[in-house]
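Colleague: This one is target.pdb, PDB, C-alpha atoms.
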```pdb
ATOM      1  CA  MET A   1     127.738 -98.330  30.497
ATOM      2  CA  LYS A   2     130.475 -95.864  31.500
ATOM      3  CA  TRP A   3     134.093 -96.801  30.952
ATOM      4  CA  LYS A   4     134.630 -96.825  34.738
ATOM      5  CA  ASP A   5     131.958 -99.512  35.074
ATOM      6  CA  ALA A   6     133.695-101.706  32.508
ATOM      7  CA  ILE A   7     137.277-101.407  33.755
ATOM      8  CA  TRP A   8     137.112-104.047  36.507
ATOM      9  CA  PRO A   9     135.386-106.689  34.356
ATOM     10  CA  CYS A  10     138.127-106.066  31.776
ATOM     11  CA  VAL A  11     140.794-106.434  34.454
ATOM     12  CA  GLY A  12     139.162-109.673  35.583
ATOM     13  CA  LEU A  13     139.024-111.014  32.026
ATOM     14  CA  ALA A  14     142.668-110.119  31.467
ATOM     15  CA  ALA A  15     143.621-111.873  34.723
ATOM     16  CA  VAL A  16     141.726-114.998  33.673
ATOM     17  CA  VAL A  17     143.400-115.063  30.236
ATOM     18  CA  LEU A  18     146.878-114.548  31.692
ATOM     19  CA  SER A  19     146.372-117.063  34.500
ATOM     20  CA  CYS A  20     144.923-119.689  32.176
ATOM     21  CA  TRP A  21     147.867-119.234  29.800
ATOM     22  CA  ILE A  22     150.336-119.736  32.671
ATOM     23  CA  LEU A  23     148.279-122.664  33.928
ATOM     24  CA  TYR A  24     148.331-124.244  30.488
ATOM     25  CA  LYS A  25     152.118-124.068  30.432
ATOM     26  CA  GLU A  26     152.208-125.683  33.880
ATOM     27  CA  VAL A  27     149.868-128.611  33.187
ATOM     28  CA  ARG A  28     150.140-129.236  29.443
ATOM     29  CA  GLY A  29     152.172-132.383  30.130
ATOM     30  CA  LEU A  30     149.500-133.845  32.410
ATOM     31  CA  SER A  31     146.895-136.364  31.348
ATOM     32  CA  LEU A  32     143.220-135.584  31.960
ATOM     33  CA  ASP A  33     142.793-139.235  32.873
ATOM     34  CA  ASP A  34     145.401-138.864  35.634
ATOM     35  CA  ILE A  35     143.652-135.777  37.013
ATOM     36  CA  TRP A  36     140.298-137.577  36.944
ATOM     37  CA  THR A  37     141.866-140.562  38.708
ATOM     38  CA  SER A  38     143.191-138.290  41.467
ATOM     39  CA  PHE A  39     139.749-136.715  41.781
ATOM     40  CA  GLN A  40     138.119-140.132  42.082
ATOM     41  CA  ASN A  41     140.618-141.062  44.776
ATOM     42  CA  VAL A  42     139.260-138.365  47.092
ATOM     43  CA  GLY A  43     137.501-140.515  49.694
ATOM     44  CA  TRP A  44     134.038-140.054  51.163
ATOM     45  CA  GLY A  45     135.556-139.126  54.505
ATOM     46  CA  GLN A  46     137.587-136.385  52.827
ATOM     47  CA  TRP A  47     134.459-135.154  51.023
ATOM     48  CA  ALA A  48     132.556-135.074  54.317
ATOM     49  CA  LEU A  49     135.250-133.041  56.120
ATOM     50  CA  SER A  50     135.619-130.651  53.180
ATOM     51  CA  THR A  51     131.837-130.198  53.064
ATOM     52  CA  LEU A  52     131.739-129.355  56.780
ATOM     53  CA  CYS A  53     134.481-126.777  56.196
ATOM     54  CA  ALA A  54     132.477-125.194  53.357
ATOM     55  CA  ILE A  55     129.365-124.977  55.553
ATOM     56  CA  LEU A  56     131.390-123.440  58.396
ATOM     57  CA  ALA A  57     132.964-120.905  56.019
ATOM     58  CA  TYR A  58     129.595-119.624  54.788
ATOM     59  CA  ALA A  59     128.200-119.617  58.332
ATOM     60  CA  VAL A  60     131.051-117.361  59.461
ATOM     61  CA  LEU A  61     130.517-115.103  56.430
ATOM     62  CA  ALA A  62     126.953-114.631  57.656
ATOM     63  CA  TYR A  63     128.421-113.661  61.022
ATOM     64  CA  TYR A  64     130.380-110.905  59.218
ATOM     65  CA  ASP A  65     127.043-109.315  58.305
ATOM     66  CA  ARG A  66     125.741-109.933  61.806
ATOM     67  CA  LEU A  67     128.702-108.068  63.310
ATOM     68  CA  ALA A  68     128.273-105.220  60.828
ATOM     69  CA  LEU A  69     124.618-104.837  61.809
ATOM     70  CA  ARG A  70     125.641-104.900  65.475
ATOM     71  CA  HIS A  71     128.119-102.105  64.745
ATOM     72  CA  LEU A  72     125.326-100.128  63.064
ATOM     73  CA  ASP A  73     122.921-100.866  65.953
ATOM     74  CA  ARG A  74     120.483-102.413  63.492
ATOM     75  CA  LYS A  75     118.443-105.558  64.103
ATOM     76  CA  VAL A  76     117.587-107.898  61.236
ATOM     77  CA  SER A  77     116.404-111.483  61.674
ATOM     78  CA  LEU A  78     119.173-114.085  61.576
ATOM     79  CA  PRO A  79     117.604-116.216  58.786
ATOM     80  CA  PHE A  80     117.334-113.143  56.549
ATOM     81  CA  VAL A  81     120.943-112.128  57.317
ATOM     82  CA  ALA A  82     122.169-115.665  56.615
ATOM     83  CA  ALA A  83     120.304-115.849  53.299
ATOM     84  CA  THR A  84     121.512-112.409  52.210
ATOM     85  CA  SER A  85     125.118-113.111  53.160
ATOM     86  CA  PHE A  86     125.135-116.516  51.483
ATOM     87  CA  THR A  87     123.687-115.128  48.260
ATOM     88  CA  THR A  88     126.044-112.146  48.295
ATOM     89  CA  TYR A  89     129.231-114.153  48.688
ATOM     90  CA  ALA A  90     128.167-117.043  46.461
ATOM     91  CA  LEU A  91     127.572-114.603  43.603
ATOM     92  CA  SER A  92     130.540-112.296  44.208
ATOM     93  CA  HIS A  93     132.998-115.191  44.572
ATOM     94  CA  ASN A  94     131.960-116.530  41.170
ATOM     95  CA  ILE A  95     131.195-113.362  39.213
ATOM     96  CA  GLY A  96     134.069-111.249  40.496
ATOM     97  CA  ALA A  97     133.959-107.466  40.076
ATOM     98  CA  SER A  98     130.444-107.315  38.650
ATOM     99  CA  VAL A  99     127.737-104.695  39.184
ATOM    100  CA  PHE A 100     125.307-107.596  39.578
ATOM    101  CA  SER A 101     127.122-109.209  42.505
ATOM    102  CA  GLY A 102     127.725-108.374  46.167
ATOM    103  CA  ALA A 103     126.832-104.716  46.616
ATOM    104  CA  VAL A 104     123.680-104.908  44.509
ATOM    105  CA  VAL A 105     122.402-107.993  46.347
ATOM    106  CA  ARG A 106     122.982-106.412  49.755
ATOM    107  CA  TYR A 107     121.330-103.176  48.692
ATOM    108  CA  ARG A 108     118.218-104.931  47.376
ATOM    109  CA  ALA A 109     117.970-107.105  50.481
ATOM    110  CA  TYR A 110     118.797-104.720  53.320
ATOM    111  CA  SER A 111     116.927-101.760  51.858
ATOM    112  CA  SER A 112     113.811-103.914  52.131
ATOM    113  CA  ARG A 113     114.518-104.072  55.869
ATOM    114  CA  GLY A 114     114.740-100.314  56.274
ATOM    115  CA  LEU A 115     118.500 -99.722  56.082
ATOM    116  CA  THR A 116     119.529 -96.489  54.360
ATOM    117  CA  PRO A 117     122.006 -96.429  51.440
ATOM    118  CA  SER A 118     124.710 -94.966  53.695
ATOM    119  CA  GLU A 119     124.148 -97.715  56.278
ATOM    120  CA  ILE A 120     124.345-100.394  53.597
ATOM    121  CA  ALA A 121     127.568 -98.842  52.266
ATOM    122  CA  LEU A 122     129.060 -98.924  55.765
ATOM    123  CA  LEU A 123     127.915-102.519  56.203
ATOM    124  CA  ILE A 124     129.665-103.505  52.970
ATOM    125  CA  ALA A 125     132.820-101.640  54.011
ATOM    126  CA  PHE A 126     132.731-103.282  57.451
ATOM    127  CA  CYS A 127     132.457-106.783  55.969
ATOM    128  CA  SER A 128     135.277-106.077  53.506
ATOM    129  CA  PHE A 129     137.444-104.774  56.317
ATOM    130  CA  THR A 130     136.651-107.834  58.434
ATOM    131  CA  PHE A 131     137.823-110.103  55.622
ATOM    132  CA  ALA A 132     140.984-108.022  55.166
ATOM    133  CA  LEU A 133     141.585-108.234  58.909
ATOM    134  CA  GLY A 134     141.382-112.025  58.689
ATOM    135  CA  ILE A 135     143.889-112.048  55.825
ATOM    136  CA  LEU A 136     146.304-109.897  57.842
ATOM    137  CA  VAL A 137     145.942-111.966  61.009
ATOM    138  CA  LEU A 138     146.594-115.238  59.203
ATOM    139  CA  THR A 139     149.428-113.772  57.130
ATOM    140  CA  ALA A 140     151.184-112.764  60.338
ATOM    141  CA  LEU A 141     150.508-116.077  62.105
ATOM    142  CA  THR A 142     151.564-118.307  59.208
ATOM    143  CA  GLN A 143     154.755-116.331  58.590
ATOM    144  CA  ILE A 144     155.657-116.522  62.267
ATOM    145  CA  ALA A 145     154.862-120.257  62.368
ATOM    146  CA  ASP A 146     156.961-120.974  59.254
ATOM    147  CA  PRO A 147     159.167-118.082  58.053
ATOM    148  CA  THR A 148     160.593-120.275  55.285
ATOM    149  CA  MET A 149     157.196-120.720  53.615
ATOM    150  CA  ILE A 150     157.668-117.549  51.561
ATOM    151  CA  ARG A 151     160.588-119.210  49.772
ATOM    152  CA  ARG A 152     158.050-121.278  47.861
ATOM    153  CA  TYR A 153     157.486-118.083  45.842
ATOM    154  CA  VAL A 154     160.479-115.777  46.366
ATOM    155  CA  ASP A 155     163.987-116.372  47.655
ATOM    156  CA  VAL A 156     164.364-114.079  50.664
ATOM    157  CA  ASP A 157     165.902-114.307  54.121
ATOM    158  CA  PRO A 158     163.649-115.505  56.966
ATOM    159  CA  TRP A 159     163.778-112.094  58.650
ATOM    160  CA  VAL A 160     161.714-110.592  55.797
ATOM    161  CA  PRO A 161     158.474-112.489  56.540
ATOM    162  CA  LEU A 162     159.070-111.996  60.260
ATOM    163  CA  GLY A 163     159.416-108.252  59.673
ATOM    164  CA  ILE A 164     156.205-108.226  57.632
ATOM    165  CA  ALA A 165     154.453-110.138  60.406
ATOM    166  CA  ALA A 166     155.691-107.633  63.000
ATOM    167  CA  VAL A 167     154.353-104.678  60.985
ATOM    168  CA  ILE A 168     150.977-106.407  60.633
ATOM    169  CA  VAL A 169     150.794-107.159  64.357
ATOM    170  CA  VAL A 170     151.543-103.515  65.168
ATOM    171  CA  GLY A 171     148.851-102.323  62.749
ATOM    172  CA  ILE A 172     146.245-104.669  64.198
ATOM    173  CA  GLY A 173     147.310-103.636  67.686
ATOM    174  CA  LEU A 174     146.701 -99.981  66.846
ATOM    175  CA  TYR A 175     143.230-100.848  65.560
ATOM    176  CA  VAL A 176     142.412-102.690  68.777
ATOM    177  CA  VAL A 177     143.786 -99.855  70.929
ATOM    178  CA  GLY A 178     141.745 -97.334  68.943
ATOM    179  CA  SER A 179     138.619 -99.306  69.700
ATOM    180  CA  PHE A 180     139.373 -99.861  73.374
ATOM    181  CA  LYS A 181     140.361 -96.219  73.902
ATOM    182  CA  GLY A 182     137.282 -95.009  72.052
ATOM    183  CA  PHE A 183     139.001 -92.743  69.525
ATOM    184  CA  ARG A 184     136.714 -90.102  68.087
ATOM    185  CA  PRO A 185     134.903 -90.898  64.804
ATOM    186  CA  ARG A 186     135.753 -89.132  61.569
ATOM    187  CA  LYS A 187     133.302 -87.807  59.041
ATOM    188  CA  ILE A 188     134.149 -88.323  55.374
ATOM    189  CA  GLY A 189     131.488 -86.752  53.200
ATOM    190  CA  SER A 190     128.169 -88.168  54.330
ATOM    191  CA  PHE A 191     129.787 -91.136  56.071
ATOM    192  CA  LEU A 192     130.609 -91.224  59.771
ATOM    193  CA  LEU A 193     133.493 -93.623  60.337
ATOM    194  CA  GLN A 194     134.034 -94.765  63.886
ATOM    195  CA  TYR A 195     135.854 -97.531  65.671
ATOM    196  CA  PRO A 196     133.633-100.494  66.494
ATOM    197  CA  ARG A 197     132.856-101.232  70.127
ATOM    198  CA  ARG A 198     135.160-103.504  72.096
ATOM    199  CA  ASP A 199     132.879-106.520  71.910
ATOM    200  CA  VAL A 200     132.555-106.133  68.123
ATOM    201  CA  VAL A 201     136.327-105.890  67.617
ATOM    202  CA  LEU A 202     137.016-108.937  69.775
ATOM    203  CA  ARG A 203     134.484-110.955  67.790
ATOM    204  CA  GLN A 204     136.009-109.655  64.562
ATOM    205  CA  LEU A 205     139.416-110.971  65.585
ATOM    206  CA  VAL A 206     137.910-114.454  65.981
ATOM    207  CA  ALA A 207     135.473-114.519  63.057
ATOM    208  CA  ALA A 208     137.761-112.862  60.499
ATOM    209  CA  PRO A 209     140.424-115.598  60.375
ATOM    210  CA  LEU A 210     137.994-118.432  61.119
ATOM    211  CA  GLU A 211     136.232-118.120  57.744
ATOM    212  CA  ILE A 212     139.535-118.269  55.864
ATOM    213  CA  VAL A 213     140.720-121.201  57.985
ATOM    214  CA  ALA A 214     137.510-123.077  57.149
ATOM    215  CA  ALA A 215     137.815-122.336  53.425
ATOM    216  CA  ALA A 216     141.436-123.503  53.401
ATOM    217  CA  GLY A 217     140.304-126.639  55.216
ATOM    218  CA  ILE A 218     138.309-127.662  52.141
ATOM    219  CA  ILE A 219     141.541-128.015  50.162
ATOM    220  CA  PHE A 220     143.543-129.429  53.077
ATOM    221  CA  PHE A 221     141.147-132.342  53.625
ATOM    222  CA  ALA A 222     140.818-132.977  49.882
ATOM    223  CA  LEU A 223     144.562-133.528  49.485
ATOM    224  CA  PRO A 224     145.733-137.132  49.860
ATOM    225  CA  PRO A 225     147.094-137.810  53.371
ATOM    226  CA  ASP A 226     150.330-139.278  52.010
ATOM    227  CA  ASN A 227     151.206-136.110  50.084
ATOM    228  CA  ASN A 228     149.715-133.527  52.441
ATOM    229  CA  PRO A 229     152.279-130.831  53.392
ATOM    230  CA  GLY A 230     150.401-129.842  56.564
ATOM    231  CA  PHE A 231     147.675-127.366  57.385
ATOM    232  CA  VAL A 232     149.930-124.351  58.033
ATOM    233  CA  ILE A 233     151.434-124.610  54.552
ATOM    234  CA  VAL A 234     148.052-125.086  52.872
ATOM    235  CA  LEU A 235     146.594-122.180  54.859
ATOM    236  CA  ALA A 236     149.487-119.862  53.998
ATOM    237  CA  ILE A 237     149.227-120.689  50.289
ATOM    238  CA  PHE A 238     145.460-120.281  50.395
ATOM    239  CA  VAL A 239     145.820-116.804  51.922
ATOM    240  CA  VAL A 240     148.152-115.826  49.085
ATOM    241  CA  SER A 241     146.085-117.416  46.315
ATOM    242  CA  PHE A 242     142.698-116.172  47.510
ATOM    243  CA  SER A 243     144.052-112.654  48.014
ATOM    244  CA  LEU A 244     145.477-112.633  44.480
ATOM    245  CA  ALA A 245     142.192-113.971  43.117
ATOM    246  CA  LEU A 246     140.236-111.144  44.766
ATOM    247  CA  VAL A 247     142.700-108.453  43.702
ATOM    248  CA  SER A 248     142.702-109.736  40.125
ATOM    249  CA  HIS A 249     138.857-109.639  40.010
ATOM    250  CA  ALA A 250     139.012-112.889  38.042
ATOM    251  CA  PRO A 251     135.600-114.627  38.220
ATOM    252  CA  GLY A 252     135.974-117.488  40.667
ATOM    253  CA  GLY A 253     139.705-116.814  40.751
ATOM    254  CA  LEU A 254     139.815-118.898  37.562
ATOM    255  CA  GLY A 255     143.404-119.855  36.857
ATOM    256  CA  VAL A 256     144.776-117.681  39.668
ATOM    257  CA  LEU A 257     144.078-120.217  42.413
ATOM    258  CA  GLU A 258     145.465-123.079  40.351
ATOM    259  CA  VAL A 259     148.693-121.327  39.368
ATOM    260  CA  THR A 260     149.364-120.099  42.896
ATOM    261  CA  PHE A 261     148.734-123.519  44.468
ATOM    262  CA  LEU A 262     150.732-125.421  41.860
ATOM    263  CA  THR A 263     153.662-123.079  42.462
ATOM    264  CA  GLY A 264     153.368-123.212  46.250
ATOM    265  CA  LEU A 265     152.843-126.994  46.388
ATOM    266  CA  SER A 266     155.532-127.948  43.893
ATOM    267  CA  ASP A 267     156.474-130.865  46.164
ATOM    268  CA  VAL A 268     152.970-132.384  45.820
ATOM    269  CA  PRO A 269     151.897-134.247  42.639
ATOM    270  CA  GLU A 270     150.156-131.764  40.347
ATOM    271  CA  THR A 271     147.223-134.076  39.704
ATOM    272  CA  ASP A 272     146.510-134.277  43.452
ATOM    273  CA  VAL A 273     146.634-130.481  43.780
ATOM    274  CA  LEU A 274     144.276-129.976  40.839
ATOM    275  CA  ALA A 275     141.884-132.613  42.194
ATOM    276  CA  ALA A 276     141.784-130.871  45.599
ATOM    277  CA  LEU A 277     141.138-127.508  43.911
ATOM    278  CA  LEU A 278     138.318-129.083  41.910
ATOM    279  CA  VAL A 279     136.737-130.218  45.188
ATOM    280  CA  PHE A 280     137.128-126.660  46.481
ATOM    281  CA  ARG A 281     135.470-125.187  43.404
ATOM    282  CA  ILE A 282     132.546-127.602  43.643
ATOM    283  CA  LEU A 283     131.874-127.086  47.359
ATOM    284  CA  TYR A 284     132.805-123.415  47.828
ATOM    285  CA  LEU A 285     131.935-121.937  44.448
ATOM    286  CA  LEU A 286     129.728-123.948  42.087
ATOM    287  CA  ILE A 287     127.126-125.472  44.432
ATOM    288  CA  PRO A 288     126.641-122.209  46.399
ATOM    289  CA  PHE A 289     126.433-120.312  43.095
ATOM    290  CA  ALA A 290     123.616-122.556  41.834
ATOM    291  CA  ILE A 291     121.723-122.207  45.135
ATOM    292  CA  ALA A 292     122.245-118.426  45.168
ATOM    293  CA  ILE A 293     120.726-118.023  41.702
ATOM    294  CA  VAL A 294     117.589-119.846  42.862
ATOM    295  CA  MET A 295     117.447-117.644  45.988
ATOM    296  CA  VAL A 296     117.774-114.425  43.980
ATOM    297  CA  LEU A 297     115.045-115.475  41.565
ATOM    298  CA  THR A 298     112.781-116.421  44.486
ATOM    299  CA  PHE A 299     113.427-113.090  46.242
ATOM    300  CA  GLU A 300     112.710-111.088  43.108
ATOM    301  CA  GLN A 301     109.558-113.101  42.406
ATOM    302  CA  ASN A 302     108.280-112.430  45.925
ATOM    303  CA  ALA A 303     109.128-108.740  45.569
ATOM    304  CA  ILE A 304     107.128-108.537  42.333
ATOM    305  CA  ARG A 305     104.158-110.210  44.011
ATOM    306  CA  GLN A 306     104.302-107.764  46.922
ATOM    307  CA  ARG A 307     104.373-104.775  44.564
ATOM    308  CA  ARG A 308     101.395-106.142  42.650
ATOM    309  CA  ARG A 309      99.444-106.658  45.878
ATOM    310  CA  ALA A 310     100.278-103.150  47.032
ATOM    311  CA  ALA A 311      99.183-101.711  43.668
ATOM    312  CA  ALA A 312      95.946-103.714  43.758
ATOM    313  CA  GLY A 313      95.257-102.521  47.290
ATOM    314  CA  ALA A 314      95.841 -98.900  46.288
ATOM    315  CA  GLN A 315      93.405 -99.243  43.376
ATOM    316  CA  ARG A 316      90.673-100.653  45.653
ATOM    317  CA  SER A 317      91.057 -97.788  48.089
TER     318      SER A 317
END
```
Turn the structure described in the file into structure tokens.
Modeller:
Amino acid sequence: MKWKDAIWPCVGLAAVVLSCWILYKEVRGLSLDDIWTSFQNVGWGQWALSTLCAILAYAVLAYYDRLALRHLDRKVSLPFVAATSFTTYALSHNIGASVFSGAVVRYRAYSSRGLTPSEIALLIAFCSFTFALGILVLTALTQIADPTMIRRYVDVDPWVPLGIAAVIVVGIGLYVVGSFKGFRPRKIGSFLLQYPRRDVVLRQLVAAPLEIVAAAGIIFFALPPDNNPGFVIVLAIFVVSFSLALVSHAPGGLGVLEVTFLTGLSDVPETDVLAALLVFRILYLLIPFAIAIVMVLTFEQNAIRQRRRAAAGAQRS
């Protein structure tokens, strides 16, 4: 393994160690029994709503791939796209910056459907950009809706988040204008980068934030109603925490999510916050991860069988 291949796993490990150390300092006074009690107090109705949010989140992630294929003018069956997307995100969310996660899964899957390596690379870039677009849209909206929310982390004047929101809105506006005006594509090496069509961009602007809203809903519904700060606050904190988790490359955002939420929701009992995050990890990370492993093993087993059949057929002929 080259040192460049090992750098991001090392960064992820360092982020986990640092975050867990900070988390330990935050929760060392808490009782595990109290946390377990808060977890048990999550009602069946809350579990049902959080589960629906998790299903919606992964359904929209599949739509990311669908939009990317539409941009590439490629047709792949919806069940195959849904299975590939689910497996990709379930693994990458848990493993972090690993050579065995997202990109490898997409390459193995979509290459079997005739997509070229450059097309698969563009598909991956498109999906990543769509997610980033959702982060930017929701960052702008939440800061406009509650400019004081940022004070949960840093003490700044309200005009700062409003200024950030304005810059984001301008940037997104330029992207939309570039698509509607049909700006000429640019070639970078062997890649041809071009603005998506109008219909693709409009769908991006809906799908991109919807997935993040659904994922944040898992935590929102898992929090006790009496201590719930409201969806806008939970969404804003989720955008911050999930972004930090992805940037840190920590597997499953281990420690990063907890520290960020405990800091942002300092007015909510810590045991309730940790219980809600445990629900999130079960529904959004652990269960999908277990299903994805089974799907990968099944796909690889079928691929081996197909190669054996092809080899047997070649020998007969």
Colleague: Between CA of Ser118 in chain A and CA of Ser92 in chain A, what is the distance in Å, rounded to a tenth?
Modeller: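 Calculated distance between CA of Ser118 in chain A and CA of Ser92 in chain A is 20.6 Å.
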Colleague: Translate the PyMOL selection byres ((chain A and resi 141-144) around 10) into a concrete residue list for this structure, as a ChimeraX atom specification.
Modeller: /A:135-140,145-150,158-166,168-169,232-237,239
Colleague: When you look at Val201 in chain A with a cut-off of 8 Å (counting all atoms listed in the file), what residues show up, excluding the ones that are within fewer than 5 positions of it in the same chain? I need them as a VMD selection string.
Modeller: chain A and resid 176 179 196
Colleague: Name the residues captured by the PyMOL selection byres ((chain A and resi 278) around 12) when it is applied to the shown file; answer as a VMD selection string.
Modeller: chain A and resid 35 to 36 38 to 40 42 47 50 218 to 219 222 to 223 252 254 to 255 257 to 258 271 to 277 279 to 286
Colleague: Name the residues in contact with range 71-78 of chain A at a cut-off of 10 Å, using only C-alpha atoms, excluding same-chain residues fewer than 3 positions from it; report them as number ranges by chain.
Modeller: A: 62-63, 65-68, 81-84, 110, 113-115, 119-120, 122-123, 126, 194-197, 199-201
Colleague: Using Å and a single decimal, report how far CA of Phe289 in chain A sits from CA of Leu49 in chain A.
Modeller: 20.2 Å
Colleague: What separation in Å, quoted to one decimal, exists between CA of Phe86 in chain A and CA of Gly230 in chain A?
Modeller: 29.0 Å
Colleague: Where's the centre, and what are the edge lengths in Å to one decimal, of a box along x, y and z enclosing all listed atoms of range 269-287 of chain A padded 8 Å per side, as lines of an AutoDock Vina configuration file?
Modeller:
```
center_x = 139.5
center_y = -128.1
center_z = 43.8
size_x = 40.8
size_y = 28.3
size_z = 24.1
```
Colleague: Nearest residue to Leu91 in chain A out of A:Leu61, A:Ala292, A:Leu205, A:Val154, using all atoms listed in the file?
Modeller: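 Smallest separation from Leu91 in chain A among the options: A:Ala292.
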Colleague: Choose the residue, out of A:Phe221, A:Ser243, A:Arg198, A:Arg70, that has the smallest atom-to-atom separation from Phe131 in chain A; count only C-alpha atoms.
Modeller: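 Smallest separation from Phe131 in chain A among the options: A:Ser243.
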Colleague: Taking (140.1, -120.0, 55.0) in the file's coordinates as the center, which residues reach within 9 Å of it, counting all atoms listed in the file, put as a list in words?
Modeller: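 Those residues, ordered by chain and then number, are Cys53, Ala57, Gly134, Ile135, Pro209, Leu210, Glu211, Ile212, Val213, Ala214, Ala215, Ala216, Gly217, Ile218, Leu235, Phe238, Val239 and Phe242 of chain A.
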